[in-house]
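Undergrad: Have a look at this one.
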Amino acid sequence: MASVKEVDLHLEAFIRNTSGLSNENMVQLSLKRMRDALDNAIERGCNEICFIHGHGTGALRERVYSELRIYEKDGLIESFEPSFFNSAVVKVTIRY
């Protein structure tokens, strides 16, 4: 059984220099990373993927959950919930 893929949505994980970016630009970059990874996981037939959104102010977490509700409504994912072990991570179950 393949291990569950984890994707870190913290900007420091995938952007070298964030100077000059507004808060909204930073959130949008993280959301694009999430959507790209989720779309890729769906295409590859993965069963599960986890996104690390962190604790912080909760702004990114709320936007991530909002995006996931769209995927769920569209029937692309089965469910999503905070990780049992770490509430800074959301576990997504993909529908097949």
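Each chain of the structure tokens is named A, B, ... in the order shown, its residues numbered from 1; ligands are numbered from 1 in display order.
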Among chain A, which ones does DSSP place in alpha helix (DSSP H), written as an mmCIF file with N, CA, C and O atoms, in the first residue's frame?
TA:
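Wrote part.cif, looks like this:
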```cif
data_model
loop_
_atom_site.group_PDB
_atom_site.id
_atom_site.type_symbol
_atom_site.label_atom_id
_atom_site.label_comp_id
_atom_site.auth_asym_id
_atom_site.auth_seq_id
_atom_site.Cartn_x
_atom_site.Cartn_y
_atom_site.Cartn_z
ATOM 1 N N ASN A 23 -0.803 39.540 1.572
ATOM 2 C CA ASN A 23 -1.335 38.355 2.255
ATOM 3 C C ASN A 23 -2.220 37.545 1.319
ATOM 4 O O ASN A 23 -2.164 36.320 1.301
ATOM 5 N N GLU A 24 -3.043 38.222 0.532
ATOM 6 C CA GLU A 24 -3.931 37.526 -0.407
ATOM 7 C C GLU A 24 -3.127 36.783 -1.471
ATOM 8 O O GLU A 24 -3.462 35.649 -1.828
ATOM 9 N N ASN A 25 -2.069 37.418 -1.990
ATOM 10 C CA ASN A 25 -1.214 36.736 -2.970
ATOM 11 C C ASN A 25 -0.609 35.470 -2.369
ATOM 12 O O ASN A 25 -0.551 34.431 -3.040
ATOM 13 N N MET A 26 -0.180 35.550 -1.118
ATOM 14 C CA MET A 26 0.426 34.387 -0.468
ATOM 15 C C MET A 26 -0.591 33.263 -0.295
ATOM 16 O O MET A 26 -0.289 32.097 -0.564
ATOM 17 N N VAL A 27 -1.798 33.612 0.115
ATOM 18 C CA VAL A 27 -2.850 32.600 0.268
ATOM 19 C C VAL A 27 -3.165 31.978 -1.090
ATOM 20 O O VAL A 27 -3.303 30.760 -1.212
ATOM 21 N N GLN A 28 -3.260 32.791 -2.130
ATOM 22 C CA GLN A 28 -3.565 32.286 -3.468
ATOM 23 C C GLN A 28 -2.490 31.313 -3.963
ATOM 24 O O GLN A 28 -2.811 30.300 -4.597
ATOM 25 N N LEU A 29 -1.232 31.600 -3.677
ATOM 26 C CA LEU A 29 -0.153 30.687 -4.067
ATOM 27 C C LEU A 29 -0.291 29.344 -3.349
ATOM 28 O O LEU A 29 -0.112 28.283 -3.954
ATOM 29 N N SER A 30 -0.612 29.390 -2.073
ATOM 30 C CA SER A 30 -0.800 28.154 -1.314
ATOM 31 C C SER A 30 -2.001 27.369 -1.829
ATOM 32 O O SER A 30 -1.955 26.141 -1.953
ATOM 33 N N LEU A 31 -3.083 28.067 -2.155
ATOM 34 C CA LEU A 31 -4.278 27.392 -2.675
ATOM 35 C C LEU A 31 -4.012 26.778 -4.049
ATOM 36 O O LEU A 31 -4.493 25.683 -4.348
ATOM 37 N N LYS A 32 -3.238 27.460 -4.875
ATOM 38 C CA LYS A 32 -2.888 26.895 -6.179
ATOM 39 C C LYS A 32 -2.074 25.619 -5.996
ATOM 40 O O LYS A 32 -2.315 24.616 -6.682
ATOM 41 N N ARG A 33 -1.141 25.647 -5.063
ATOM 42 C CA ARG A 33 -0.348 24.442 -4.776
ATOM 43 C C ARG A 33 -1.261 23.303 -4.330
ATOM 44 O O ARG A 33 -1.104 22.162 -4.753
ATOM 45 N N MET A 34 -2.244 23.625 -3.477
ATOM 46 C CA MET A 34 -3.171 22.600 -3.000
ATOM 47 C C MET A 34 -3.995 22.034 -4.149
ATOM 48 O O MET A 34 -4.119 20.825 -4.308
ATOM 49 N N ARG A 35 -4.576 22.916 -4.969
ATOM 50 C CA ARG A 35 -5.412 22.458 -6.086
ATOM 51 C C ARG A 35 -4.610 21.615 -7.067
ATOM 52 O O ARG A 35 -5.081 20.569 -7.530
ATOM 53 N N ASP A 36 -3.396 22.057 -7.389
ATOM 54 C CA ASP A 36 -2.552 21.292 -8.317
ATOM 55 C C ASP A 36 -2.254 19.900 -7.767
ATOM 56 O O ASP A 36 -2.342 18.903 -8.489
ATOM 57 N N ALA A 37 -1.898 19.827 -6.489
ATOM 58 C CA ALA A 37 -1.575 18.535 -5.872
ATOM 59 C C ALA A 37 -2.810 17.643 -5.799
ATOM 60 O O ALA A 37 -2.733 16.431 -6.062
ATOM 61 N N LEU A 38 -3.954 18.214 -5.454
ATOM 62 C CA LEU A 38 -5.184 17.439 -5.350
ATOM 63 C C LEU A 38 -5.632 16.945 -6.719
ATOM 64 O O LEU A 38 -5.986 15.769 -6.882
ATOM 65 N N ASP A 39 -5.584 17.812 -7.714
ATOM 66 C CA ASP A 39 -5.950 17.404 -9.071
ATOM 67 C C ASP A 39 -5.039 16.273 -9.555
ATOM 68 O O ASP A 39 -5.503 15.303 -10.164
ATOM 69 N N ASN A 40 -3.756 16.400 -9.269
ATOM 70 C CA ASN A 40 -2.793 15.365 -9.650
ATOM 71 C C ASN A 40 -3.085 14.049 -8.944
ATOM 72 O O ASN A 40 -3.040 12.977 -9.550
ATOM 73 N N ALA A 41 -3.404 14.112 -7.657
ATOM 74 C CA ALA A 41 -3.713 12.898 -6.888
ATOM 75 C C ALA A 41 -4.973 12.223 -7.430
ATOM 76 O O ALA A 41 -5.037 10.993 -7.532
ATOM 77 N N ILE A 42 -5.956 13.014 -7.798
ATOM 78 C CA ILE A 42 -7.200 12.474 -8.364
ATOM 79 C C ILE A 42 -6.897 11.782 -9.690
ATOM 80 O O ILE A 42 -7.343 10.661 -9.941
ATOM 81 N N GLU A 43 -6.118 12.441 -10.541
ATOM 82 C CA GLU A 43 -5.760 11.873 -11.846
ATOM 83 C C GLU A 43 -4.974 10.574 -11.711
ATOM 84 O O GLU A 43 -5.142 9.658 -12.518
ATOM 85 N N ARG A 44 -4.108 10.490 -10.709
ATOM 86 C CA ARG A 44 -3.272 9.292 -10.517
ATOM 87 C C ARG A 44 -3.995 8.172 -9.794
ATOM 88 O O ARG A 44 -3.467 7.081 -9.663
ATOM 89 N N ALA A 59 -6.482 31.706 8.732
ATOM 90 C CA ALA A 59 -6.941 32.230 7.443
ATOM 91 C C ALA A 59 -6.744 31.210 6.326
ATOM 92 O O ALA A 59 -7.656 30.968 5.527
ATOM 93 N N LEU A 60 -5.562 30.612 6.258
ATOM 94 C CA LEU A 60 -5.296 29.618 5.209
ATOM 95 C C LEU A 60 -6.162 28.385 5.421
ATOM 96 O O LEU A 60 -6.747 27.859 4.474
ATOM 97 N N ARG A 61 -6.282 27.936 6.655
ATOM 98 C CA ARG A 61 -7.104 26.756 6.948
ATOM 99 C C ARG A 61 -8.534 26.948 6.438
ATOM 100 O O ARG A 61 -9.096 26.078 5.774
ATOM 101 N N GLU A 62 -9.115 28.118 6.726
ATOM 102 C CA GLU A 62 -10.486 28.383 6.300
ATOM 103 C C GLU A 62 -10.611 28.373 4.785
ATOM 104 O O GLU A 62 -11.577 27.850 4.239
ATOM 105 N N ARG A 63 -9.647 28.928 4.093
ATOM 106 C CA ARG A 63 -9.686 28.963 2.628
ATOM 107 C C ARG A 63 -9.483 27.561 2.051
ATOM 108 O O ARG A 63 -10.113 27.198 1.052
ATOM 109 N N VAL A 64 -8.598 26.771 2.671
ATOM 110 C CA VAL A 64 -8.389 25.387 2.232
ATOM 111 C C VAL A 64 -9.685 24.605 2.380
ATOM 112 O O VAL A 64 -10.126 23.918 1.449
ATOM 113 N N TYR A 65 -10.335 24.713 3.524
ATOM 114 C CA TYR A 65 -11.587 23.986 3.757
ATOM 115 C C TYR A 65 -12.673 24.446 2.783
ATOM 116 O O TYR A 65 -13.469 23.633 2.303
ATOM 117 N N SER A 66 -12.695 25.722 2.483
ATOM 118 C CA SER A 66 -13.664 26.250 1.522
ATOM 119 C C SER A 66 -13.442 25.633 0.140
ATOM 120 O O SER A 66 -14.394 25.227 -0.537
ATOM 121 N N GLU A 67 -12.202 25.554 -0.282
ATOM 122 C CA GLU A 67 -11.870 24.924 -1.569
ATOM 123 C C GLU A 67 -12.264 23.450 -1.570
ATOM 124 O O GLU A 67 -12.803 22.941 -2.555
ATOM 125 N N LEU A 68 -11.995 22.775 -0.472
ATOM 126 C CA LEU A 68 -12.314 21.349 -0.394
ATOM 127 C C LEU A 68 -13.822 21.107 -0.445
ATOM 128 O O LEU A 68 -14.273 20.091 -0.989
ATOM 129 N N ARG A 69 -14.603 22.029 0.094
ATOM 130 C CA ARG A 69 -16.065 21.903 0.007
ATOM 131 C C ARG A 69 -16.526 21.916 -1.454
ATOM 132 O O ARG A 69 -17.474 21.221 -1.827
ATOM 133 N N ILE A 70 -15.853 22.700 -2.282
ATOM 134 C CA ILE A 70 -16.178 22.743 -3.717
ATOM 135 C C ILE A 70 -15.873 21.394 -4.362
ATOM 136 O O ILE A 70 -16.688 20.857 -5.117
ATOM 137 N N TYR A 71 -14.709 20.839 -4.066
ATOM 138 C CA TYR A 71 -14.342 19.520 -4.602
ATOM 139 C C TYR A 71 -15.338 18.458 -4.139
ATOM 140 O O TYR A 71 -15.726 17.580 -4.906
ATOM 141 N N GLU A 72 -15.760 18.555 -2.883
ATOM 142 C CA GLU A 72 -16.703 17.584 -2.336
ATOM 143 C C GLU A 72 -18.070 17.723 -3.029
ATOM 144 O O GLU A 72 -18.682 16.730 -3.423
ATOM 145 N N LYS A 73 -18.517 18.960 -3.194
ATOM 146 C CA LYS A 73 -19.791 19.220 -3.864
ATOM 147 C C LYS A 73 -19.768 18.709 -5.298
ATOM 148 O O LYS A 73 -20.768 18.196 -5.798
#
```
Undergrad: Between segment 8-78 of chain A and segment 88-95 of chain A, at 7 Å or less, what are the per-residue closest atom pairs and their distances in Å? Count only C-alpha atoms, order by chain and rising residue number, and return it as CSV.
TA:
```
residue,atom,partner,partner_atom,distance
A:Ile42,CA,A:Ile94,CA,6.8
A:Asn47,CA,A:Ile94,CA,5.2
A:Glu48,CA,A:Thr93,CA,4.6
A:Ile49,CA,A:Val92,CA,5.3
A:Cys50,CA,A:Lys91,CA,4.5
A:Phe51,CA,A:Val90,CA,5.3
A:Ile52,CA,A:Val89,CA,4.4
A:His53,CA,A:Ala88,CA,5.7
A:Gly54,CA,A:Ala88,CA,4.3
A:His55,CA,A:Ala88,CA,5.3
A:Leu76,CA,A:Arg95,CA,5.7
A:Ile77,CA,A:Ile94,CA,4.2
A:Glu78,CA,A:Arg95,CA,4.6
```
Undergrad: Quick one: pull the distance between atom CA of Glu12 of chain A and atom CA of Gly56 of chain A, Å, one decimal.
TA: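 Here the two named atoms are 13.9 Å from each other.
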Undergrad: Please run DSSP on the backbone and report, as a list of chain:residue names, all residues within chain A that come out as strand (DSSP E).
TA: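 Strand (DSSP E) members of chain A, listed: A:Lys5, A:Glu6, A:Val7, A:Asp8, A:Glu48, A:Ile49, A:Cys50, A:Phe51, A:Ile52, A:Ile77, A:Glu78, A:Ser79, A:Phe80, A:Glu81, A:Pro82, A:Val89, A:Val90, A:Lys91, A:Val92, A:Thr93, A:Ile94.
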Undergrad: Keeping only C-alpha atoms, write those residues as an mmCIF file, in the first residue's frame.
TA:
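part_10.cif, freshly written:
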```cif
data_model
loop_
_atom_site.group_PDB
_atom_site.id
_atom_site.type_symbol
_atom_site.label_atom_id
_atom_site.label_comp_id
_atom_site.auth_asym_id
_atom_site.auth_seq_id
_atom_site.Cartn_x
_atom_site.Cartn_y
_atom_site.Cartn_z
ATOM 1 C CA LYS A 5 1.194 12.009 0.155
ATOM 2 C CA GLU A 6 1.609 15.104 2.334
ATOM 3 C CA VAL A 7 1.786 18.555 0.794
ATOM 4 C CA ASP A 8 3.095 21.468 2.848
ATOM 5 C CA GLU A 48 -5.815 9.944 0.165
ATOM 6 C CA ILE A 49 -3.763 13.122 0.406
ATOM 7 C CA CYS A 50 -2.932 15.371 3.360
ATOM 8 C CA PHE A 51 -2.358 19.105 3.320
ATOM 9 C CA ILE A 52 -0.342 20.882 5.987
ATOM 10 C CA ILE A 77 -13.561 13.877 -3.036
ATOM 11 C CA GLU A 78 -15.340 11.680 -0.521
ATOM 12 C CA SER A 79 -14.490 13.648 2.607
ATOM 13 C CA PHE A 80 -11.989 15.825 4.418
ATOM 14 C CA GLU A 81 -11.274 16.268 8.091
ATOM 15 C CA PRO A 82 -8.552 17.454 10.432
ATOM 16 C CA VAL A 89 -3.213 19.005 8.785
ATOM 17 C CA VAL A 90 -6.320 18.159 6.783
ATOM 18 C CA LYS A 91 -6.773 14.614 5.503
ATOM 19 C CA VAL A 92 -8.642 14.292 2.209
ATOM 20 C CA THR A 93 -10.234 11.044 1.031
ATOM 21 C CA ILE A 94 -10.632 10.901 -2.741
#
```
Undergrad: Looking at A:Val4, A:Asn86, A:Thr18, A:Gly58, which one is nearest to Cys46 of chain A, with distances taken over only C-alpha atoms?
TA: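 Of all the options, A:Val4 lies closest to Cys46 of chain A.
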Undergrad: For atom CA of Asn17 of chain A and atom CA of Thr57 of chain A, determine how far apart the two atoms are, in Å to one decimal place.
TA: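 Straight-line distance from atom CA of Asn17 of chain A to atom CA of Thr57 of chain A works out to 21.1 Å.
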